[in-house]
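As provided, my_file.csv (CSV, C-alpha atoms) reads as follows.
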```
chain,number,residue,atom,x,y,z
A,945,MET,CA,167.8,-35.1,186.8
A,946,SER,CA,164.3,-34.9,185.6
A,947,HIS,CA,161.2,-33.6,187.4
A,948,GLY,CA,160.1,-30.9,185.0
A,949,ASP,CA,163.4,-30.6,183.3
A,950,PRO,CA,162.7,-30.2,179.5
A,951,GLY,CA,166.2,-31.3,178.7
A,952,ILE,CA,165.6,-34.8,179.9
A,953,VAL,CA,164.8,-36.0,176.4
A,954,SER,CA,168.2,-34.7,175.3
A,955,THR,CA,169.9,-36.3,178.3
A,956,MET,CA,168.2,-39.6,177.6
A,957,PHE,CA,169.3,-39.4,174.0
A,958,VAL,CA,173.0,-39.2,175.0
A,959,ASN,CA,172.5,-42.0,177.6
A,960,TRP,CA,170.8,-44.4,175.1
A,961,ALA,CA,173.2,-43.4,172.3
A,962,THR,CA,176.1,-44.5,174.5
A,963,PHE,CA,174.2,-47.7,175.4
A,964,GLY,CA,173.7,-48.3,171.7
A,965,VAL,CA,177.3,-48.1,170.7
A,966,MET,CA,178.5,-50.3,173.5
A,967,GLY,CA,176.9,-53.5,172.3
A,968,PRO,CA,178.4,-54.0,168.8
A,969,GLY,CA,182.0,-53.5,170.1
A,970,MET,CA,181.7,-55.8,173.2
A,971,PHE,CA,179.6,-58.5,171.7
A,972,GLY,CA,181.1,-58.3,168.2
A,973,PHE,CA,184.6,-58.8,169.5
A,974,GLY,CA,183.8,-60.9,172.5
A,975,MET,CA,181.6,-63.5,170.8
A,976,PHE,CA,183.0,-63.6,167.3
A,977,VAL,CA,186.6,-63.7,168.4
A,978,ALA,CA,186.0,-66.5,170.9
A,979,THR,CA,184.0,-68.5,168.3
A,980,GLU,CA,186.5,-68.1,165.5
A,981,ARG,CA,189.4,-68.9,167.9
A,982,GLU,CA,187.7,-72.2,168.9
A,983,GLN,CA,186.9,-73.1,165.3
A,984,GLY,CA,190.6,-72.6,164.3
A,985,LEU,CA,189.8,-69.7,162.0
A,986,LEU,CA,192.6,-67.5,163.5
A,987,ARG,CA,195.1,-70.3,162.8
A,988,LEU,CA,194.0,-70.4,159.2
A,989,LYS,CA,194.3,-66.6,158.9
A,990,ARG,CA,197.9,-66.8,160.1
A,991,ALA,CA,198.7,-68.9,157.1
A,992,LEU,CA,197.0,-66.5,154.6
A,993,PRO,CA,199.1,-63.9,152.8
A,994,MET,CA,197.3,-60.9,154.4
A,995,PRO,CA,198.3,-58.4,157.0
A,996,THR,CA,197.7,-59.6,160.6
A,997,ALA,CA,196.1,-56.4,161.6
A,998,SER,CA,193.4,-56.6,159.0
A,999,TYR,CA,191.4,-59.1,161.1
A,1000,VAL,CA,191.2,-56.6,164.0
A,1001,LEU,CA,190.8,-53.6,161.7
A,1002,ALA,CA,187.9,-55.3,160.0
A,1003,LYS,CA,186.1,-55.9,163.3
A,1004,MET,CA,186.8,-52.3,164.3
A,1005,ALA,CA,185.3,-51.1,161.0
A,1006,MET,CA,182.2,-53.3,161.6
A,1007,THR,CA,181.8,-51.9,165.1
A,1008,MET,CA,182.1,-48.3,163.9
A,1009,THR,CA,179.6,-49.0,161.1
A,1010,PHE,CA,177.1,-50.4,163.5
A,1011,ALA,CA,177.6,-47.5,165.9
A,1012,PHE,CA,177.1,-45.1,163.1
A,1013,ILE,CA,173.8,-46.8,162.0
A,1014,VAL,CA,172.6,-46.8,165.6
A,1015,MET,CA,173.4,-43.1,166.0
A,1016,ILE,CA,171.5,-42.3,162.8
A,1017,THR,CA,168.4,-44.2,164.0
A,1018,LEU,CA,168.5,-42.5,167.4
A,1019,ILE,CA,169.0,-39.0,165.9
A,1020,LEU,CA,166.0,-39.6,163.6
A,1021,ALA,CA,163.9,-40.6,166.7
A,1022,ALA,CA,165.2,-37.6,168.7
A,1023,VAL,CA,164.4,-35.2,165.9
A,1024,PHE,CA,161.1,-36.4,164.7
A,1025,ILE,CA,159.6,-38.1,167.8
A,1026,GLY,CA,161.3,-36.6,170.8
A,1027,HIS,CA,161.9,-33.1,169.5
A,1028,ALA,CA,165.1,-32.9,171.5
A,1029,ARG,CA,166.8,-29.5,171.9
A,1030,ILE,CA,170.1,-30.4,170.4
A,1031,THR,CA,171.7,-28.5,167.6
A,1032,VAL,CA,173.1,-30.0,164.4
A,1033,GLY,CA,176.6,-29.4,165.6
A,1034,GLN,CA,175.9,-31.2,168.8
A,1035,TYR,CA,174.4,-34.1,167.0
A,1036,LEU,CA,177.5,-34.4,164.8
A,1037,LEU,CA,179.8,-34.1,167.9
A,1038,ILE,CA,177.9,-36.8,169.8
A,1039,THR,CA,178.0,-39.0,166.7
A,1040,LEU,CA,181.7,-38.5,166.3
A,1041,LEU,CA,182.4,-39.2,169.9
A,1042,ASN,CA,180.2,-42.2,170.1
A,1043,VAL,CA,181.5,-43.8,166.9
A,1044,LEU,CA,185.1,-43.3,168.0
A,1045,GLY,CA,184.3,-44.2,171.6
A,1046,SER,CA,182.9,-47.5,170.5
A,1047,LEU,CA,186.5,-48.6,169.8
A,1048,SER,CA,187.2,-48.6,173.5
A,1049,PHE,CA,184.5,-51.3,174.0
A,1050,CYS,CA,186.2,-53.3,171.3
A,1051,ALA,CA,189.2,-53.6,173.6
A,1052,ILE,CA,187.0,-55.0,176.4
A,1053,GLY,CA,185.4,-57.4,173.9
A,1054,LEU,CA,188.8,-58.5,172.5
A,1055,PHE,CA,190.1,-59.1,176.0
A,1056,ILE,CA,187.1,-61.4,176.8
A,1057,GLY,CA,187.1,-63.1,173.3
A,1058,ALA,CA,190.8,-63.9,173.6
A,1059,ARG,CA,190.4,-65.7,176.9
A,1060,ALA,CA,186.9,-67.1,177.2
A,1061,SER,CA,185.6,-70.1,175.4
A,1062,ALA,CA,182.9,-69.7,172.7
A,1063,LYS,CA,180.2,-70.9,175.1
A,1064,SER,CA,181.1,-68.8,178.0
A,1065,ALA,CA,182.0,-65.6,176.1
A,1066,PRO,CA,178.4,-64.2,175.9
A,1067,ALA,CA,178.1,-64.7,179.7
A,1068,PHE,CA,181.4,-62.9,180.4
A,1069,VAL,CA,180.4,-60.1,178.0
A,1070,ASN,CA,177.1,-59.7,179.7
A,1071,LEU,CA,178.9,-59.5,183.1
A,1072,ALA,CA,180.7,-56.5,181.8
A,1073,TYR,CA,177.9,-55.1,179.7
A,1074,LEU,CA,175.0,-55.0,182.1
A,1075,PRO,CA,176.8,-53.1,185.0
A,1076,MET,CA,178.1,-50.5,182.5
A,1077,MET,CA,174.6,-50.1,181.1
A,1078,HIS,CA,173.3,-49.2,184.5
A,1079,LEU,CA,176.3,-46.9,185.2
A,1080,GLU,CA,175.3,-44.9,182.1
A,1081,ASP,CA,172.5,-43.3,184.1
A,1082,CYS,CA,169.8,-44.9,181.9
A,1083,PHE,CA,167.9,-46.6,184.6
A,1084,ILE,CA,169.2,-45.2,187.9
A,1085,HIS,CA,171.0,-42.0,188.8
A,1086,CYS,CA,174.7,-42.6,189.2
A,1087,LEU,CA,176.1,-39.2,188.5
A,1088,ASN,CA,175.5,-38.1,192.1
A,1089,PRO,CA,175.7,-41.2,194.1
A,1090,PHE,CA,175.6,-39.4,197.4
A,1091,ASN,CA,172.1,-38.2,196.7
A,1092,LEU,CA,170.1,-41.2,198.0
A,1093,TRP,CA,166.8,-39.7,196.8
A,1094,ASN,CA,168.1,-39.6,193.2
A,1095,LEU,CA,169.4,-43.2,193.4
A,1096,SER,CA,166.0,-44.4,194.4
A,1097,ARG,CA,164.2,-43.3,191.3
A,1098,PRO,CA,164.9,-43.8,187.6
A,1099,PRO,CA,165.9,-40.7,185.5
A,1100,PHE,CA,162.8,-40.8,183.3
A,1101,ILE,CA,160.4,-40.2,186.2
B,1112,MET,CA,221.5,-47.8,142.6
B,1113,THR,CA,220.4,-46.4,139.3
B,1114,ALA,CA,217.4,-44.2,138.7
B,1115,ALA,CA,215.6,-47.0,137.0
B,1116,ASN,CA,216.0,-49.2,140.1
B,1117,VAL,CA,214.7,-46.5,142.3
B,1118,ALA,CA,211.7,-46.0,140.1
B,1119,LEU,CA,211.0,-49.8,140.0
B,1120,ASN,CA,211.3,-50.1,143.8
B,1121,GLY,CA,208.9,-47.2,144.3
B,1122,LYS,CA,206.4,-48.7,141.9
B,1123,LEU,CA,206.7,-52.1,143.6
B,1124,SER,CA,206.2,-50.6,147.1
B,1125,SER,CA,203.1,-48.6,146.0
B,1126,GLU,CA,201.7,-51.8,144.4
B,1127,VAL,CA,202.3,-53.7,147.6
B,1128,SER,CA,200.7,-51.0,149.8
B,1129,ARG,CA,197.7,-50.9,147.4
B,1130,GLN,CA,197.3,-54.7,147.7
B,1131,ILE,CA,197.5,-54.4,151.5
B,1132,TRP,CA,194.8,-51.8,151.6
B,1133,ARG,CA,192.7,-53.8,149.3
B,1134,ALA,CA,193.0,-56.9,151.5
B,1135,CYS,CA,192.0,-54.8,154.6
B,1136,TRP,CA,189.1,-53.2,152.7
B,1137,THR,CA,187.8,-56.6,151.5
B,1138,GLU,CA,188.1,-58.1,155.0
B,1139,ALA,CA,186.2,-55.2,156.6
B,1140,LYS,CA,183.5,-55.2,153.9
B,1141,TYR,CA,182.8,-58.9,154.4
B,1142,GLU,CA,183.0,-58.6,158.2
B,1143,ILE,CA,180.2,-55.9,158.0
B,1144,ILE,CA,178.1,-58.1,155.7
B,1145,ARG,CA,178.6,-61.1,157.9
B,1146,ALA,CA,177.5,-59.2,161.0
B,1147,CYS,CA,174.5,-57.7,159.2
B,1148,ARG,CA,173.5,-61.2,158.1
B,1149,ALA,CA,173.6,-62.6,161.6
B,1150,PRO,CA,170.1,-61.8,162.9
B,1151,ALA,CA,170.9,-62.7,166.5
B,1152,PHE,CA,173.6,-60.0,166.4
B,1153,ALA,CA,172.2,-57.3,164.1
B,1154,ILE,CA,168.5,-57.1,165.1
B,1155,PRO,CA,169.1,-56.5,168.9
B,1156,PHE,CA,171.8,-54.0,168.4
B,1157,PHE,CA,169.9,-52.0,165.7
B,1158,CYS,CA,166.5,-52.2,167.5
B,1159,MET,CA,167.2,-52.2,171.3
B,1160,PRO,CA,168.6,-48.6,171.6
B,1161,ILE,CA,165.9,-47.0,169.6
B,1162,VAL,CA,163.1,-49.0,171.3
B,1163,PHE,CA,164.4,-48.2,174.8
B,1164,TYR,CA,165.0,-44.5,173.9
B,1165,VAL,CA,161.5,-44.1,172.4
B,1166,LEU,CA,159.8,-45.9,175.2
B,1167,LEU,CA,161.8,-44.7,178.2
B,1168,GLY,CA,163.4,-41.5,176.9
B,1169,ILE,CA,160.5,-40.0,175.0
B,1170,PHE,CA,157.1,-41.5,175.7
B,1171,LEU,CA,157.5,-42.1,179.5
B,1172,VAL,CA,159.0,-38.7,180.0
B,1173,GLU,CA,156.1,-37.0,178.2
B,1174,ALA,CA,153.6,-39.1,180.0
```

Spell out the structure here as C-alpha coordinates.
Amino acid sequence: MSHGDPGIVSTMFVNWATFGVMGPGMFGFGMFVATEREQGLLRLKRALPMPTASYVLAKMAMTMTFAFIVMITLILAAVFIGHARITVGQYLLITLLNVLGSLSFCAIGLFIGARASAKSAPAFVNLAYLPMMHLEDCFIHCLNPFNLWNLSRPPFI
Amino acid sequence: MTAANVALNGKLSSEVSRQIWRACWTEAKYEIIRACRAPAFAIPFFCMPIVFYVLLGIFLVEA
(Lines of atoms letter the chains of each structure in order from A and count residues from 1; the text may use other names and numbers.)
(Lines give C-alpha, C1' and ligand atoms only; values in the text may rest on other atoms or scores of the structure.)
Protein backbone atom coordinates (compact mmCIF):
# COMPACT_ATOMS: atom_id res chain seq x y z
CA MET A 1 0.00 0.00 0.00
CA SER A 2 2.73 2.46 0.82
CA HIS A 3 6.35 2.50 -0.45
CA GLY A 4 6.44 5.92 -2.04
CA ASP A 5 2.70 6.28 -2.34
CA PRO A 6 1.84 9.91 -1.45
CA GLY A 7 -1.75 8.92 -0.75
CA ILE A 8 -0.77 6.89 2.29
CA VAL A 9 -1.55 9.81 4.63
CA SER A 10 -5.08 9.90 3.22
CA THR A 11 -5.43 6.15 3.48
CA MET A 12 -4.21 6.19 7.05
CA PHE A 13 -6.68 8.99 7.79
CA VAL A 14 -9.59 6.80 6.72
CA ASN A 15 -8.18 3.80 8.62
CA TRP A 16 -7.71 5.68 11.88
CA ALA A 17 -11.00 7.52 11.51
CA THR A 18 -12.76 4.17 11.35
CA PHE A 19 -10.75 3.04 14.36
CA GLY A 20 -11.80 6.19 16.20
CA VAL A 21 -15.52 5.74 15.69
CA MET A 22 -15.49 2.07 16.66
CA GLY A 23 -14.63 2.60 20.32
CA PRO A 24 -17.45 4.81 21.62
CA GLY A 25 -20.13 2.54 20.17
CA MET A 26 -18.71 -0.73 21.39
CA PHE A 27 -17.44 0.37 24.78
CA GLY A 28 -20.22 2.89 25.41
CA PHE A 29 -22.89 0.30 24.93
CA GLY A 30 -20.98 -2.77 26.10
CA MET A 31 -19.71 -1.43 29.40
CA PHE A 32 -22.42 1.04 30.32
CA VAL A 33 -25.34 -1.27 29.56
CA ALA A 34 -23.75 -4.15 31.47
CA THR A 35 -23.03 -1.93 34.48
CA GLU A 36 -26.47 -0.34 34.50
CA ARG A 37 -28.15 -3.71 34.08
CA GLU A 38 -26.31 -5.10 37.09
CA GLN A 39 -27.07 -2.03 39.19
CA GLY A 40 -30.78 -2.39 38.43
CA LEU A 41 -31.02 0.92 36.59
CA LEU A 42 -32.81 -0.68 33.64
CA ARG A 43 -35.50 -2.03 35.99
CA LEU A 44 -35.90 1.46 37.43
CA LYS A 45 -36.21 2.95 33.96
CA ARG A 46 -39.02 0.54 33.12
CA ALA A 47 -41.04 2.11 35.92
CA LEU A 48 -40.46 5.65 34.71
CA PRO A 49 -43.06 7.36 32.49
CA MET A 50 -40.72 7.71 29.55
CA PRO A 51 -40.47 5.99 26.17
CA THR A 52 -38.56 2.71 26.31
CA ALA A 53 -36.58 3.56 23.21
CA SER A 54 -35.20 6.75 24.71
CA TYR A 55 -32.57 4.77 26.65
CA VAL A 56 -31.12 3.25 23.48
CA LEU A 57 -31.62 6.43 21.45
CA ALA A 58 -29.70 8.43 24.06
CA LYS A 59 -26.77 6.06 23.92
CA MET A 60 -26.84 6.16 20.12
CA ALA A 61 -26.79 9.96 20.24
CA MET A 62 -23.83 9.83 22.62
CA THR A 63 -21.99 7.50 20.26
CA MET A 64 -22.67 9.70 17.25
CA THR A 65 -21.56 12.81 19.15
CA PHE A 66 -18.32 11.16 20.18
CA ALA A 67 -17.77 9.91 16.62
CA PHE A 68 -18.34 13.41 15.28
CA ILE A 69 -15.85 14.95 17.73
CA VAL A 70 -13.27 12.28 16.85
CA MET A 71 -13.77 13.01 13.15
CA ILE A 72 -13.32 16.75 13.71
CA THR A 73 -10.02 16.22 15.57
CA LEU A 74 -8.75 13.84 12.90
CA ILE A 75 -9.72 16.17 10.08
CA LEU A 76 -7.88 19.02 11.79
CA ALA A 77 -4.79 16.82 12.11
CA ALA A 78 -5.05 15.64 8.50
CA VAL A 79 -5.41 19.18 7.18
CA PHE A 80 -2.88 21.04 9.31
CA ILE A 81 -0.28 18.37 10.09
CA GLY A 82 -0.62 15.67 7.47
CA HIS A 83 -1.66 17.83 4.50
CA ALA A 84 -3.74 14.93 3.21
CA ARG A 85 -4.97 15.14 -0.37
CA ILE A 86 -8.64 14.94 0.46
CA THR A 87 -11.25 17.39 -0.77
CA VAL A 88 -13.85 19.06 1.45
CA GLY A 89 -16.59 16.93 -0.06
CA GLN A 90 -14.64 13.78 0.67
CA TYR A 91 -14.08 14.90 4.27
CA LEU A 92 -17.81 15.49 4.65
CA LEU A 93 -18.65 12.14 3.07
CA ILE A 94 -16.19 10.26 5.27
CA THR A 95 -17.54 12.06 8.34
CA LEU A 96 -21.14 11.23 7.43
CA LEU A 97 -20.31 7.59 6.73
CA ASN A 98 -18.32 7.20 9.92
CA VAL A 99 -20.85 8.94 12.16
CA LEU A 100 -23.67 6.82 10.77
CA GLY A 101 -21.46 3.74 10.65
CA SER A 102 -20.67 4.05 14.35
CA LEU A 103 -24.26 2.89 15.00
CA SER A 104 -23.40 -0.58 13.70
CA PHE A 105 -20.80 -0.90 16.45
CA CYS A 106 -23.50 0.06 18.94
CA ALA A 107 -25.29 -3.14 18.00
CA ILE A 108 -22.21 -5.20 18.82
CA GLY A 109 -21.79 -3.35 22.11
CA LEU A 110 -25.46 -3.79 22.99
CA PHE A 111 -25.24 -7.51 22.28
CA ILE A 112 -22.27 -7.83 24.65
CA GLY A 113 -23.71 -5.49 27.28
CA ALA A 114 -27.02 -7.33 27.36
CA ARG A 115 -25.35 -10.66 28.08
CA ALA A 116 -22.05 -10.14 29.87
CA SER A 117 -21.63 -9.12 33.49
CA ALA A 118 -20.27 -5.70 34.37
CA LYS A 119 -16.85 -7.12 35.22
CA SER A 120 -16.49 -9.28 32.14
CA ALA A 121 -18.00 -6.82 29.63
CA PRO A 122 -14.75 -4.87 28.98
CA ALA A 123 -12.93 -8.11 28.26
CA PHE A 124 -15.59 -9.31 25.82
CA VAL A 125 -15.67 -5.91 24.13
CA ASN A 126 -11.90 -6.02 23.76
CA LEU A 127 -12.17 -9.49 22.27
CA ALA A 128 -14.30 -8.03 19.49
CA TYR A 129 -12.57 -4.65 19.32
CA LEU A 130 -8.92 -5.65 18.95
CA PRO A 131 -9.31 -8.08 16.00
CA MET A 132 -11.45 -5.55 14.17
CA MET A 133 -8.82 -2.88 14.81
CA HIS A 134 -6.25 -5.05 13.04
CA LEU A 135 -8.64 -5.90 10.22
CA GLU A 136 -8.98 -2.17 9.48
CA ASP A 137 -5.56 -2.26 7.83
CA CYS A 138 -4.08 0.06 10.46
CA PHE A 139 -1.24 -2.21 11.48
CA ILE A 140 -1.05 -4.98 8.88
CA HIS A 141 -2.26 -5.34 5.33
CA CYS A 142 -5.48 -7.29 5.19
CA LEU A 143 -6.94 -5.94 1.97
CA ASN A 144 -4.91 -8.41 -0.08
CA PRO A 145 -4.33 -11.36 2.22
CA PHE A 146 -2.85 -13.50 -0.53
CA ASN A 147 0.11 -11.18 -0.84
CA LEU A 148 2.37 -12.53 1.91
CA TRP A 149 4.92 -9.75 1.44
CA ASN A 150 2.22 -7.18 2.19
CA LEU A 151 1.10 -9.09 5.25
CA SER A 152 4.60 -9.07 6.64
CA ARG A 153 4.97 -5.29 6.92
CA PRO A 154 2.75 -2.57 8.38
CA PRO A 155 1.10 -0.12 5.97
CA PHE A 156 3.00 2.91 7.25
CA ILE A 157 6.44 1.56 6.23
CA MET B 1 -67.27 13.36 16.97
CA THR B 2 -67.62 17.11 16.95
CA ALA B 3 -65.11 19.51 15.50
CA ALA B 4 -64.20 20.66 18.99
CA ASN B 5 -63.35 17.10 20.04
CA VAL B 6 -61.18 16.58 16.97
CA ALA B 7 -59.30 19.79 17.69
CA LEU B 8 -58.85 18.81 21.35
CA ASN B 9 -57.54 15.34 20.40
CA GLY B 10 -55.07 16.86 17.93
CA LYS B 11 -53.85 19.31 20.55
CA LEU B 12 -53.44 16.53 23.13
CA SER B 13 -51.55 14.26 20.74
CA SER B 14 -49.20 17.07 19.74
CA GLU B 15 -48.60 17.84 23.42
CA VAL B 16 -47.85 14.15 24.13
CA SER B 17 -45.47 13.87 21.19
CA ARG B 18 -43.74 17.06 22.31
CA GLN B 19 -43.27 15.62 25.79
CA ILE B 20 -41.91 12.37 24.35
CA TRP B 21 -39.38 14.23 22.24
CA ARG B 22 -38.41 16.34 25.23
CA ALA B 23 -37.84 13.20 27.33
CA CYS B 24 -35.68 11.68 24.60
CA TRP B 25 -33.73 14.89 24.20
CA THR B 26 -33.11 15.24 27.94
CA GLU B 27 -32.01 11.62 28.20
CA ALA B 28 -29.61 12.02 25.26
CA LYS B 29 -28.20 15.28 26.60
CA TYR B 30 -27.39 13.87 30.01
CA GLU B 31 -26.04 10.65 28.52
CA ILE B 32 -23.55 12.72 26.51
CA ILE B 33 -22.65 14.80 29.57
CA ARG B 34 -22.20 11.66 31.67
CA ALA B 35 -19.93 10.05 29.06
CA CYS B 36 -17.86 13.22 28.77
CA ARG B 37 -17.50 13.38 32.55
CA ALA B 38 -16.15 9.81 32.73
CA PRO B 39 -12.42 10.33 32.13
CA ALA B 40 -11.74 6.61 31.71
CA PHE B 41 -14.15 6.63 28.79
CA ALA B 42 -13.76 10.07 27.24
CA ILE B 43 -10.00 10.60 27.29
CA PRO B 44 -8.96 7.38 25.49
CA PHE B 45 -11.61 7.72 22.80
CA PHE B 46 -10.86 11.36 22.13
CA CYS B 47 -7.07 11.06 22.28
CA MET B 48 -6.17 7.60 20.99
CA PRO B 49 -7.22 8.01 17.34
CA ILE B 50 -5.49 11.34 16.88
CA VAL B 51 -2.32 10.22 18.67
CA PHE B 52 -2.11 7.04 16.61
CA TYR B 53 -2.89 8.89 13.39
CA VAL B 54 -0.33 11.61 13.98
CA LEU B 55 2.39 9.19 15.08
CA LEU B 56 1.82 6.30 12.68
CA GLY B 57 -0.11 7.90 9.85
CA ILE B 58 1.78 11.16 9.48
CA PHE B 59 5.15 11.30 11.23
CA LEU B 60 6.24 7.72 10.60
CA VAL B 61 5.21 7.90 6.95
CA GLU B 62 7.10 11.15 6.44
CA ALA B 63 10.14 9.76 8.24

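Note that CA of Val1000 in chain A and CA of Arg1129 in chain B are 18.7 Å apart.
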
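Residue nearest chain A within the list B:Ala1134, B:Ala1115, B:Ala1149, B:Leu1123: B:Ala1134 [criterion: smallest interatomic distance, only C-alpha atoms].
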
Which chain B residues have any atom within 6 Å of an atom of chain A, and for each, what is the nearest pair of atoms with distance in Å to one decimal, counting only C-alpha atoms, rows sorted by chain and number, as JSON lines?
```
{"residue": "B:Cys1135", "atom": "CA", "partner": "A:Ser998", "partner_atom": "CA", "distance": 5.0}
{"residue": "B:Glu1138", "atom": "CA", "partner": "A:Ala1002", "partner_atom": "CA", "distance": 5.7}
{"residue": "B:Ala1139", "atom": "CA", "partner": "A:Ala1002", "partner_atom": "CA", "distance": 3.8}
{"residue": "B:Ile1143", "atom": "CA", "partner": "A:Met1006", "partner_atom": "CA", "distance": 4.9}
{"residue": "B:Phe1157", "atom": "CA", "partner": "A:Val1014", "partner_atom": "CA", "distance": 5.9}
{"residue": "B:Pro1160", "atom": "CA", "partner": "A:Gly964", "partner_atom": "CA", "distance": 5.1}
{"residue": "B:Ile1161", "atom": "CA", "partner": "A:Leu1018", "partner_atom": "CA", "distance": 5.6}
{"residue": "B:Tyr1164", "atom": "CA", "partner": "A:Trp960", "partner_atom": "CA", "distance": 5.9}
{"residue": "B:Gly1168", "atom": "CA", "partner": "A:Met956", "partner_atom": "CA", "distance": 5.2}
{"residue": "B:Ile1169", "atom": "CA", "partner": "A:Gly1026", "partner_atom": "CA", "distance": 5.5}
{"residue": "B:Val1172", "atom": "CA", "partner": "A:Phe1100", "partner_atom": "CA", "distance": 5.5}
```

Take the residues that were just selected and, keeping C-alpha atoms, output them as an mmCIF file, in the coordinates of the input.
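And here's part39.cif as it stands now:
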```
data_model
loop_
_atom_site.group_PDB
_atom_site.id
_atom_site.type_symbol
_atom_site.label_atom_id
_atom_site.label_comp_id
_atom_site.auth_asym_id
_atom_site.auth_seq_id
_atom_site.Cartn_x
_atom_site.Cartn_y
_atom_site.Cartn_z
ATOM 1 C CA CYS B 1135 192.000 -54.800 154.600
ATOM 2 C CA GLU B 1138 188.100 -58.100 155.000
ATOM 3 C CA ALA B 1139 186.200 -55.200 156.600
ATOM 4 C CA ILE B 1143 180.200 -55.900 158.000
ATOM 5 C CA PHE B 1157 169.900 -52.000 165.700
ATOM 6 C CA PRO B 1160 168.600 -48.600 171.600
ATOM 7 C CA ILE B 1161 165.900 -47.000 169.600
ATOM 8 C CA TYR B 1164 165.000 -44.500 173.900
ATOM 9 C CA GLY B 1168 163.400 -41.500 176.900
ATOM 10 C CA ILE B 1169 160.500 -40.000 175.000
ATOM 11 C CA VAL B 1172 159.000 -38.700 180.000
#
```

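Counting from CA of Lys989 in chain A, the distance to CA of Cys1050 in chain A is 19.9 Å.
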
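One finds CA of Thr1039 in chain A at 28.5 Å from CA of Ala1065 in chain A.
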